[in-house]
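Working notes, beginning with the structure itself.
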Amino acid sequence: MSEVDILGNDLAGLVANAATLDALEAVRVEALGKKGRLTALMKEMGALPPDQRKERAQALNVIKDRVTEALAARKTELERAALEARLATERVDVTLPVRPRPDGRIHPVSQVIDEITEIFAAMGFTVAEGPDIEDDFHNFTALNMPDDHPARQMHDTFYLPEKPDGSRLLLRTHTSPVQIRTMQSAAPPHRIVVPGRTYRCDSDMTHTPMFHQIEGLVIDRHGKAHMGHLKGVLAEFCKAFFEVENVTMRFRPSYFPFTEPSAEVDIRCSRKGGEIKIGEGDDWLEILGCGMVNEAVLRHCGLDPTEWQGFAWGMGIDRIAMLKYGAPDLRAFFDADLRWLRHYGFMPLDMPTLGQGLSR
Ligand code: DAH
């Protein structure tokens with residue numbers, strides 16, 4: 001056997017005996033590395049006379065191919081064995097229970113907005129929306145509060161920087177501007193509720209600079225949207241929202257520039273033992289402002305007050321949420337504290353998980 005054949009057999013044996021991928025790599029270096037045994041023979045070829053060189057080169061190339069193929073085949077074999085060994089030890093137990101998923105919660109304000117809009121939707125109202133950043137016209141002027149109107153001072157308004165023409169946009173101080181936008185954008189009749197964020201410069205236990213209101217507006221022909229309808233709609237709402245059959249309401253005369261006459265609505269409650277109960281007792285709880293839409297407001301929106309009439313109301317959502325779900329400090333509503341949310345938040349109803357099965 002020639003020297004080359006001996007080397008070939010020797011290397012083939014080493015490859016076949018390599019028991020791990022590391023050992024196999026060592027064999028590769030020993031054979032084909034820079035200082036490998038085959039490489040050395042190839043280098044020595046240069047010194048041979050040309051007629052022997054060709055023959056030697058052919059023989060060496062055959063061995064080189066054989067070793068290279070053997071290395072690749074052995075590598076595949078060892079890799080498969082390693083994978084099988086891993087699969088045998090790392091078995092996945094599909095019968096283990098799923099890891100608990102951190103469920104989200106519905107914020108009490110979102111919950112109350114859903115509850116309220118659902119009640120009004122059942123009475124035929126649709127939901128309308130408007131921008132949080134308003135202009136003077138929609139927030140004040142069109143609502144019968146001209147520049148020098150004293151009622152503007154009731155609102156501690158956040159203004160945006162002045163524009164070149166001297167005007168300033170503002171963060172809406174109430175949801176009432178959406179009344180104007182609704183009447184401007186479509187022909188009556190209207191029957192809308194407007195839940196949304198509102199802003200005033202105020203902060204204590206029961207006030208936050210950002211808060212939520214829900215506005216209501218009904219506009220129809222004369223005789224079809226009068227004060228009696230207003231009372232009926234609000235009574236229906238209170239019953240459904242506070243979940244009591246009899247709610248005694250009181251309409252207290254009040255003043256808003258955009259309604260005439262105006263009223264504030266109180267409902268019967270008891271406050272015994274620091275707990276508010278709706279629908280019983282000898283105390284009153286103020287829940288909203290309302291009234292018949294002022295003729296001046298109708299005219300600002302291009303409606304003829306001899307033909308159309310309507311009523312409106314505005315209610316703070318956060319206070320009602322505090323009341324219904326017993327959360328004492330309004331500021332905590334908007335601190336985004338997860339512990340608070342887990343305590344006061346609501347579970348979404350439509351979230352079946354494998355753990356719970358499909359029946360909720
Ligand atoms: N916009 C009033 C406020 O924020 C609330 C209000 C009162 C709205 C009477 C109305 C209404 O639509 O008729 O104080």
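By convention here, the chains of the structure tokens are called A, B, ... in the order presented, each chain's residues are numbered starting at 1, and ligands are numbered starting at 1 in the order presented.
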| task | Could you give me, as a PyMOL selection string, every polymer residue with an atom at most 7 Å away from an atom of ligand 1, counting only C-alpha atoms and all ligand atoms? | result | chain A and resi 173-176+215-217+256+258-259+262+288-293+311-315
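Excluding Arg250 in chain A itself and same-chain residues fewer than 6 positions from it, the residues having an atom within 7 Å of it are Val265, Asp266 and Ile267 of chain A, counting only C-alpha atoms.
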| said: Excluding Gln184 in chain A and its own-chain neighbours fewer than 6 positions away, which residues fall within 10 Å of it when counting only C-alpha atoms? Please give them as a PyMOL selection string. | reply: chain A and resi 178+298+300-303
| task | Using only C-alpha atoms, determine which residues lie at most 12 Å from range 333-338 of chain A, disregarding the query and same-chain residues fewer than 6 positions distant; provide the list as a PyMOL selection string. | result | chain A and resi 102-110+203+205-212+317-319+321-322+325-327+344-345
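All residues in range 183-216 of chain A with a DSSP state of strand (DSSP E or B), computed from the backbone, read His190, Arg191, Ile192, Val193, Val194, Pro195, Gly196, Arg197, Thr198, Tyr199, Asp204, His207, Met210, Phe211, His212, Gln213, Ile214, Glu215 and Gly216 of chain A.
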Just the selected residues (N, CA and C atoms), exported as a PDB file, in the first residue's frame, please.
ATOM      1  N   HIS A 190     -82.279  65.805  16.071  1.00  0.00           N
ATOM      2  CA  HIS A 190     -81.059  65.232  16.655  1.00  0.00           C
ATOM      3  C   HIS A 190     -81.399  64.542  17.964  1.00  0.00           C
ATOM      4  N   ARG A 191     -80.697  63.468  18.192  1.00  0.00           N
ATOM      5  CA  ARG A 191     -80.835  62.777  19.481  1.00  0.00           C
ATOM      6  C   ARG A 191     -79.489  62.137  19.759  1.00  0.00           C
ATOM      7  N   ILE A 192     -78.615  62.889  20.446  1.00  0.00           N
ATOM      8  CA  ILE A 192     -77.226  62.412  20.630  1.00  0.00           C
ATOM      9  C   ILE A 192     -76.803  62.443  22.095  1.00  0.00           C
ATOM     10  N   VAL A 193     -75.843  61.568  22.413  1.00  0.00           N
ATOM     11  CA  VAL A 193     -75.076  61.714  23.660  1.00  0.00           C
ATOM     12  C   VAL A 193     -73.616  61.843  23.283  1.00  0.00           C
ATOM     13  N   VAL A 194     -72.884  62.609  24.093  1.00  0.00           N
ATOM     14  CA  VAL A 194     -71.485  62.912  23.783  1.00  0.00           C
ATOM     15  C   VAL A 194     -70.612  62.629  24.992  1.00  0.00           C
ATOM     16  N   PRO A 195     -70.041  61.433  25.083  1.00  0.00           N
ATOM     17  CA  PRO A 195     -69.089  61.220  26.178  1.00  0.00           C
ATOM     18  C   PRO A 195     -67.720  61.743  25.751  1.00  0.00           C
ATOM     19  N   GLY A 196     -66.949  62.285  26.694  1.00  0.00           N
ATOM     20  CA  GLY A 196     -65.616  62.729  26.287  1.00  0.00           C
ATOM     21  C   GLY A 196     -64.832  63.408  27.389  1.00  0.00           C
ATOM     22  N   ARG A 197     -63.573  63.708  27.063  1.00  0.00           N
ATOM     23  CA  ARG A 197     -62.673  64.368  28.008  1.00  0.00           C
ATOM     24  C   ARG A 197     -62.889  65.873  27.976  1.00  0.00           C
ATOM     25  N   THR A 198     -62.791  66.486  29.147  1.00  0.00           N
ATOM     26  CA  THR A 198     -62.910  67.937  29.256  1.00  0.00           C
ATOM     27  C   THR A 198     -61.821  68.425  30.212  1.00  0.00           C
ATOM     28  N   TYR A 199     -61.532  69.721  30.176  1.00  0.00           N
ATOM     29  CA  TYR A 199     -60.343  70.225  30.886  1.00  0.00           C
ATOM     30  C   TYR A 199     -60.619  71.547  31.593  1.00  0.00           C
ATOM     31  N   ASP A 204     -58.230  68.901  43.192  1.00  0.00           N
ATOM     32  CA  ASP A 204     -58.356  68.531  44.616  1.00  0.00           C
ATOM     33  C   ASP A 204     -59.019  67.147  44.684  1.00  0.00           C
ATOM     34  N   HIS A 207     -61.732  67.117  42.066  1.00  0.00           N
ATOM     35  CA  HIS A 207     -61.493  67.747  40.751  1.00  0.00           C
ATOM     36  C   HIS A 207     -60.118  67.375  40.220  1.00  0.00           C
ATOM     37  N   MET A 210     -58.097  67.173  34.042  1.00  0.00           N
ATOM     38  CA  MET A 210     -58.781  66.490  32.954  1.00  0.00           C
ATOM     39  C   MET A 210     -59.878  65.662  33.597  1.00  0.00           C
ATOM     40  N   PHE A 211     -61.058  65.758  33.079  1.00  0.00           N
ATOM     41  CA  PHE A 211     -62.157  64.956  33.621  1.00  0.00           C
ATOM     42  C   PHE A 211     -63.094  64.571  32.480  1.00  0.00           C
ATOM     43  N   HIS A 212     -64.189  63.904  32.810  1.00  0.00           N
ATOM     44  CA  HIS A 212     -65.069  63.411  31.744  1.00  0.00           C
ATOM     45  C   HIS A 212     -66.497  63.900  31.936  1.00  0.00           C
ATOM     46  N   GLN A 213     -67.129  64.211  30.822  1.00  0.00           N
ATOM     47  CA  GLN A 213     -68.536  64.590  30.874  1.00  0.00           C
ATOM     48  C   GLN A 213     -69.307  63.769  29.861  1.00  0.00           C
ATOM     49  N   ILE A 214     -70.606  63.725  30.059  1.00  0.00           N
ATOM     50  CA  ILE A 214     -71.450  63.218  28.981  1.00  0.00           C
ATOM     51  C   ILE A 214     -72.564  64.233  28.763  1.00  0.00           C
ATOM     52  N   GLU A 215     -72.671  64.628  27.522  1.00  0.00           N
ATOM     53  CA  GLU A 215     -73.625  65.646  27.116  1.00  0.00           C
ATOM     54  C   GLU A 215     -74.792  64.940  26.439  1.00  0.00           C
ATOM     55  N   GLY A 216     -75.972  65.527  26.540  1.00  0.00           N
ATOM     56  CA  GLY A 216     -77.101  64.999  25.777  1.00  0.00           C
ATOM     57  C   GLY A 216     -77.761  66.136  25.031  1.00  0.00           C
TER      58      GLY A 216
END
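Note that CA of Leu24 in chain A and CA of Leu71 in chain A are 7.3 Å apart.
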| query | So, counting only C-alpha atoms, which residue among A:Ile133, A:Ala128, A:Leu48, A:Val112 is closest to Ile180 in chain A? | reply | A:Ala128
| Taking only C-alpha atoms into account, which of A:Arg331, A:Arg299, A:Arg342, A:Lys163 comes nearest Leu143 in chain A? |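 Of the candidates, the smallest distance to Leu143 in chain A is held by A:Arg299.
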